[in-house]
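What follows is a single structure, written as structure tokens, with notes after it.
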Amino acid sequence: MELNDEQFHRYARHLILDEVGEEGQERLLASRVLVIGAGGLGSPLLLYLAAAGVGTLGIIDDDEVDLTNLQRQIAHGTASVGSSKVASAAESVARINPGIRVNRYEERLTAENAATLFADYDLIADGSDNFTTRYLVNDAAYLSGKPLVSGSLLRFEGQLATFRGGVPGHEGEPCYRCLFPTEPPPGMIPRCEEAGILGAVAGVIGTLQATEVLKELLDLGSSLSGHLLIYDALGPTFRKMKAARDPGCALCGTDPTIREIA
Ligand SMILES: [Zn+2]
């Protein structure tokens, strides 16, 4: 796929980066990324990936835009309150970059649809807001052999990690379950809706997530895989911690008990 005149202009600031260039831009345009959740993390993810020219974006979310979302979910506007988040986010993507193909999934990610959906993408970006989905995404990405860039938010903090132990050539890199073996009981760790979130923190983490997605697609710099990046807005501090594969992990350990999504 050769860049046309419009694309040479649109992506000019990428093209002058030696590390991206025409070849990198063509790679982005040929890339397919599935974004889970069109909320606080999904908004900056989708907007920056669209602006960057990631050619195909999948958006899955079963929610509608609520007035309380607008404090942080910048892909949506006041006029979209009451309409589907997927439709609203798809409109924002088209406004920024009409050349991007958007696949809309106005449904919930489930054990039934995850494997089929993931098979169609090069990379999964998780911006979901609950643990059940986060574990499901981790397991399905690992078993599908897809790299996963995962973000999470709470109050004034955010976390970011990349998992790609299921990708051929990256065996031995940890998965989400290696760091957090079991899903916390419902209600133990509150969601943003319950605990609150400083809106701009979602922008910081979602934008870092978009950056790591682009790095994975372009094979740039050091992958975040094998690390956990923690941002505390009040500090403000960034901490990068090492994370290792757990040989006893139920998913990627030496004797796994999770062999399929169920
Ligand atoms: Zn693991």
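In the structure tokens, the first chain shown is A, the next is B, and so on; residue numbers restart at 1 for each chain, and ligands run from 1 in the order shown.
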Item to complete: Within 12 Å of Arg10 of chain A, counting only C-alpha atoms, which residues show up once you throw out same-chain ones fewer than 5 positions away? Write them as JSON, numbers by chain, please.
Response: {"A": [3, 4, 5, 15, 16, 25, 50, 51, 52, 53, 96, 97, 98, 99]}
Could you report the residues within 6 Å of ligand 1, using only C-alpha atoms and all ligand atoms, as a PDB file with N, CA, C and O atoms, in the first residue's frame?
ATOM      1  N   PRO A 174       5.532 -12.323  31.077  1.00  0.00           N
ATOM      2  CA  PRO A 174       4.387 -12.569  31.963  1.00  0.00           C
ATOM      3  C   PRO A 174       3.045 -12.141  31.369  1.00  0.00           C
ATOM      4  O   PRO A 174       2.985 -11.341  30.435  1.00  0.00           O
ATOM      5  N   CYS A 175       1.967 -12.686  31.938  1.00  0.00           N
ATOM      6  CA  CYS A 175       0.610 -12.247  31.608  1.00  0.00           C
ATOM      7  C   CYS A 175       0.019 -11.536  32.830  1.00  0.00           C
ATOM      8  O   CYS A 175       0.644 -11.474  33.888  1.00  0.00           O
ATOM      9  N   ARG A 177      -2.311 -12.460  34.755  1.00  0.00           N
ATOM     10  CA  ARG A 177      -2.512 -13.379  35.879  1.00  0.00           C
ATOM     11  C   ARG A 177      -1.223 -13.676  36.641  1.00  0.00           C
ATOM     12  O   ARG A 177      -1.265 -14.074  37.806  1.00  0.00           O
ATOM     13  N   CYS A 178      -0.074 -13.532  35.977  1.00  0.00           N
ATOM     14  CA  CYS A 178       1.201 -13.719  36.677  1.00  0.00           C
ATOM     15  C   CYS A 178       1.358 -12.649  37.764  1.00  0.00           C
ATOM     16  O   CYS A 178       1.925 -12.895  38.821  1.00  0.00           O
ATOM     17  N   ARG A 245       7.261 -13.701  34.756  1.00  0.00           N
ATOM     18  CA  ARG A 245       6.300 -14.770  34.557  1.00  0.00           C
ATOM     19  C   ARG A 245       6.285 -15.655  35.793  1.00  0.00           C
ATOM     20  O   ARG A 245       7.334 -15.952  36.366  1.00  0.00           O
ATOM     21  N   ASP A 246       5.114 -16.075  36.201  1.00  0.00           N
ATOM     22  CA  ASP A 246       4.959 -16.983  37.331  1.00  0.00           C
ATOM     23  C   ASP A 246       4.823 -18.402  36.786  1.00  0.00           C
ATOM     24  O   ASP A 246       3.839 -18.705  36.102  1.00  0.00           O
ATOM     25  N   CYS A 249       1.520 -19.919  37.096  1.00  0.00           N
ATOM     26  CA  CYS A 249       0.364 -19.190  36.549  1.00  0.00           C
ATOM     27  C   CYS A 249      -0.635 -20.151  35.915  1.00  0.00           C
ATOM     28  O   CYS A 249      -0.259 -21.056  35.172  1.00  0.00           O
ATOM     29  N   LEU A 251      -2.624 -19.620  33.595  1.00  0.00           N
ATOM     30  CA  LEU A 251      -2.771 -19.427  32.146  1.00  0.00           C
ATOM     31  C   LEU A 251      -1.473 -19.734  31.392  1.00  0.00           C
ATOM     32  O   LEU A 251      -1.480 -20.498  30.429  1.00  0.00           O
ATOM     33  N   CYS A 252      -0.361 -19.125  31.838  1.00  0.00           N
ATOM     34  CA  CYS A 252       0.879 -19.244  31.050  1.00  0.00           C
ATOM     35  C   CYS A 252       1.967 -19.996  31.785  1.00  0.00           C
ATOM     36  O   CYS A 252       3.122 -20.014  31.343  1.00  0.00           O
ATOM     37  N   GLY A 253       1.631 -20.639  32.931  1.00  0.00           N
ATOM     38  CA  GLY A 253       2.620 -21.386  33.705  1.00  0.00           C
ATOM     39  C   GLY A 253       2.974 -22.723  33.057  1.00  0.00           C
ATOM     40  O   GLY A 253       2.526 -23.035  31.952  1.00  0.00           O
TER      41      GLY A 253
END
Worksheet item: From the list A:Leu160, A:Ile36, A:Val86, A:Ala12, which residue is nearest Gly206 of chain A when using only C-alpha atoms?
Response: A:Leu160
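Taking only C-alpha atoms into account, Thr207 of chain A lies nearest to A:Gly42 out of the set A:His227, A:Gly42, A:Arg32, A:Val20.
Contact shell of Gly226 of chain A at 8 Å (only C-alpha atoms; same-chain neighbours under 4 positions omitted): Ala161, Thr162, Phe163, Glu173, Pro174, Lys242, Ala243, Ala244 and Arg245 of chain A.
Proximity of A:Tyr48, A:Glu91, A:Leu136, A:Tyr121 to Leu109 of chain A, computed with only C-alpha atoms, is greatest for A:Leu136.
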Item to complete: as a PyMOL selection string, list the residues of segment 119-222 of chain A assigned to strand (DSSP E) by DSSP on the backbone atoms of this structure.
Response: chain A and resi 123-126+148-154+157-163
Exercise: Glu157 of chain A partners within 6 Å, only C-alpha atoms, chain neighbours under 3 positions left out, as a PDB file with N, CA and C atoms, in the first residue's frame:
ATOM      1  N   LEU A 153      -7.411   2.445  35.922  1.00  0.00           N
ATOM      2  CA  LEU A 153      -7.510   3.741  36.599  1.00  0.00           C
ATOM      3  C   LEU A 153      -8.166   3.594  37.953  1.00  0.00           C
ATOM      4  N   LEU A 154      -7.721   4.404  38.903  1.00  0.00           N
ATOM      5  CA  LEU A 154      -8.442   4.492  40.166  1.00  0.00           C
ATOM      6  C   LEU A 154      -8.108   5.820  40.844  1.00  0.00           C
ATOM      7  N   TYR A 231       1.411   5.329  37.633  1.00  0.00           N
ATOM      8  CA  TYR A 231       1.403   6.799  37.686  1.00  0.00           C
ATOM      9  C   TYR A 231       0.562   7.237  38.865  1.00  0.00           C
ATOM     10  N   ASP A 232       1.159   8.073  39.721  1.00  0.00           N
ATOM     11  CA  ASP A 232       0.416   8.671  40.825  1.00  0.00           C
ATOM     12  C   ASP A 232       0.374  10.171  40.585  1.00  0.00           C
TER      13      ASP A 232
END
Item to complete: Give me, please, the distance in Å between atom CA of Glu260 of chain A and atom CA of Ala140 of chain A, quoted to one decimal.
Response: 8.0 Å
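Reported to one decimal place, the separation of atom CA of Arg164 of chain A from atom CA of Leu148 of chain A is 6.1 Å.
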Using 12 Å as the limit and counting only C-alpha atoms, can you tabulate each residue of segment 197-223 of chain A that touches segment 236-241 of chain A, with its shortest atom-to-atom distance in Å and the two atoms involved, as JSON lines?
{"residue": "A:Val201", "atom": "CA", "partner": "A:Pro236", "partner_atom": "CA", "distance": 11.2}
{"residue": "A:Val204", "atom": "CA", "partner": "A:Phe238", "partner_atom": "CA", "distance": 11.4}
{"residue": "A:Ile205", "atom": "CA", "partner": "A:Phe238", "partner_atom": "CA", "distance": 11.2}
{"residue": "A:Leu208", "atom": "CA", "partner": "A:Phe238", "partner_atom": "CA", "distance": 11.8}
Residue subset to file, keeping N, CA, C and O atoms, as an mmCIF file, in the first residue's frame:
data_model
loop_
_atom_site.group_PDB
_atom_site.id
_atom_site.type_symbol
_atom_site.label_atom_id
_atom_site.label_comp_id
_atom_site.auth_asym_id
_atom_site.auth_seq_id
_atom_site.Cartn_x
_atom_site.Cartn_y
_atom_site.Cartn_z
ATOM 1 N N VAL A 201 -6.481 12.116 34.553
ATOM 2 C CA VAL A 201 -5.649 10.924 34.763
ATOM 3 C C VAL A 201 -5.983 9.855 33.713
ATOM 4 O O VAL A 201 -5.101 9.153 33.225
ATOM 5 N N VAL A 204 -4.023 10.761 30.708
ATOM 6 C CA VAL A 204 -2.597 10.417 30.813
ATOM 7 C C VAL A 204 -2.390 8.942 30.490
ATOM 8 O O VAL A 204 -1.566 8.582 29.640
ATOM 9 N N ILE A 205 -3.155 8.090 31.149
ATOM 10 C CA ILE A 205 -2.950 6.647 30.981
ATOM 11 C C ILE A 205 -3.388 6.197 29.579
ATOM 12 O O ILE A 205 -2.694 5.423 28.921
ATOM 13 N N LEU A 208 -0.721 7.253 27.155
ATOM 14 C CA LEU A 208 0.453 6.364 27.271
ATOM 15 C C LEU A 208 0.146 5.019 26.610
ATOM 16 O O LEU A 208 1.000 4.431 25.935
#
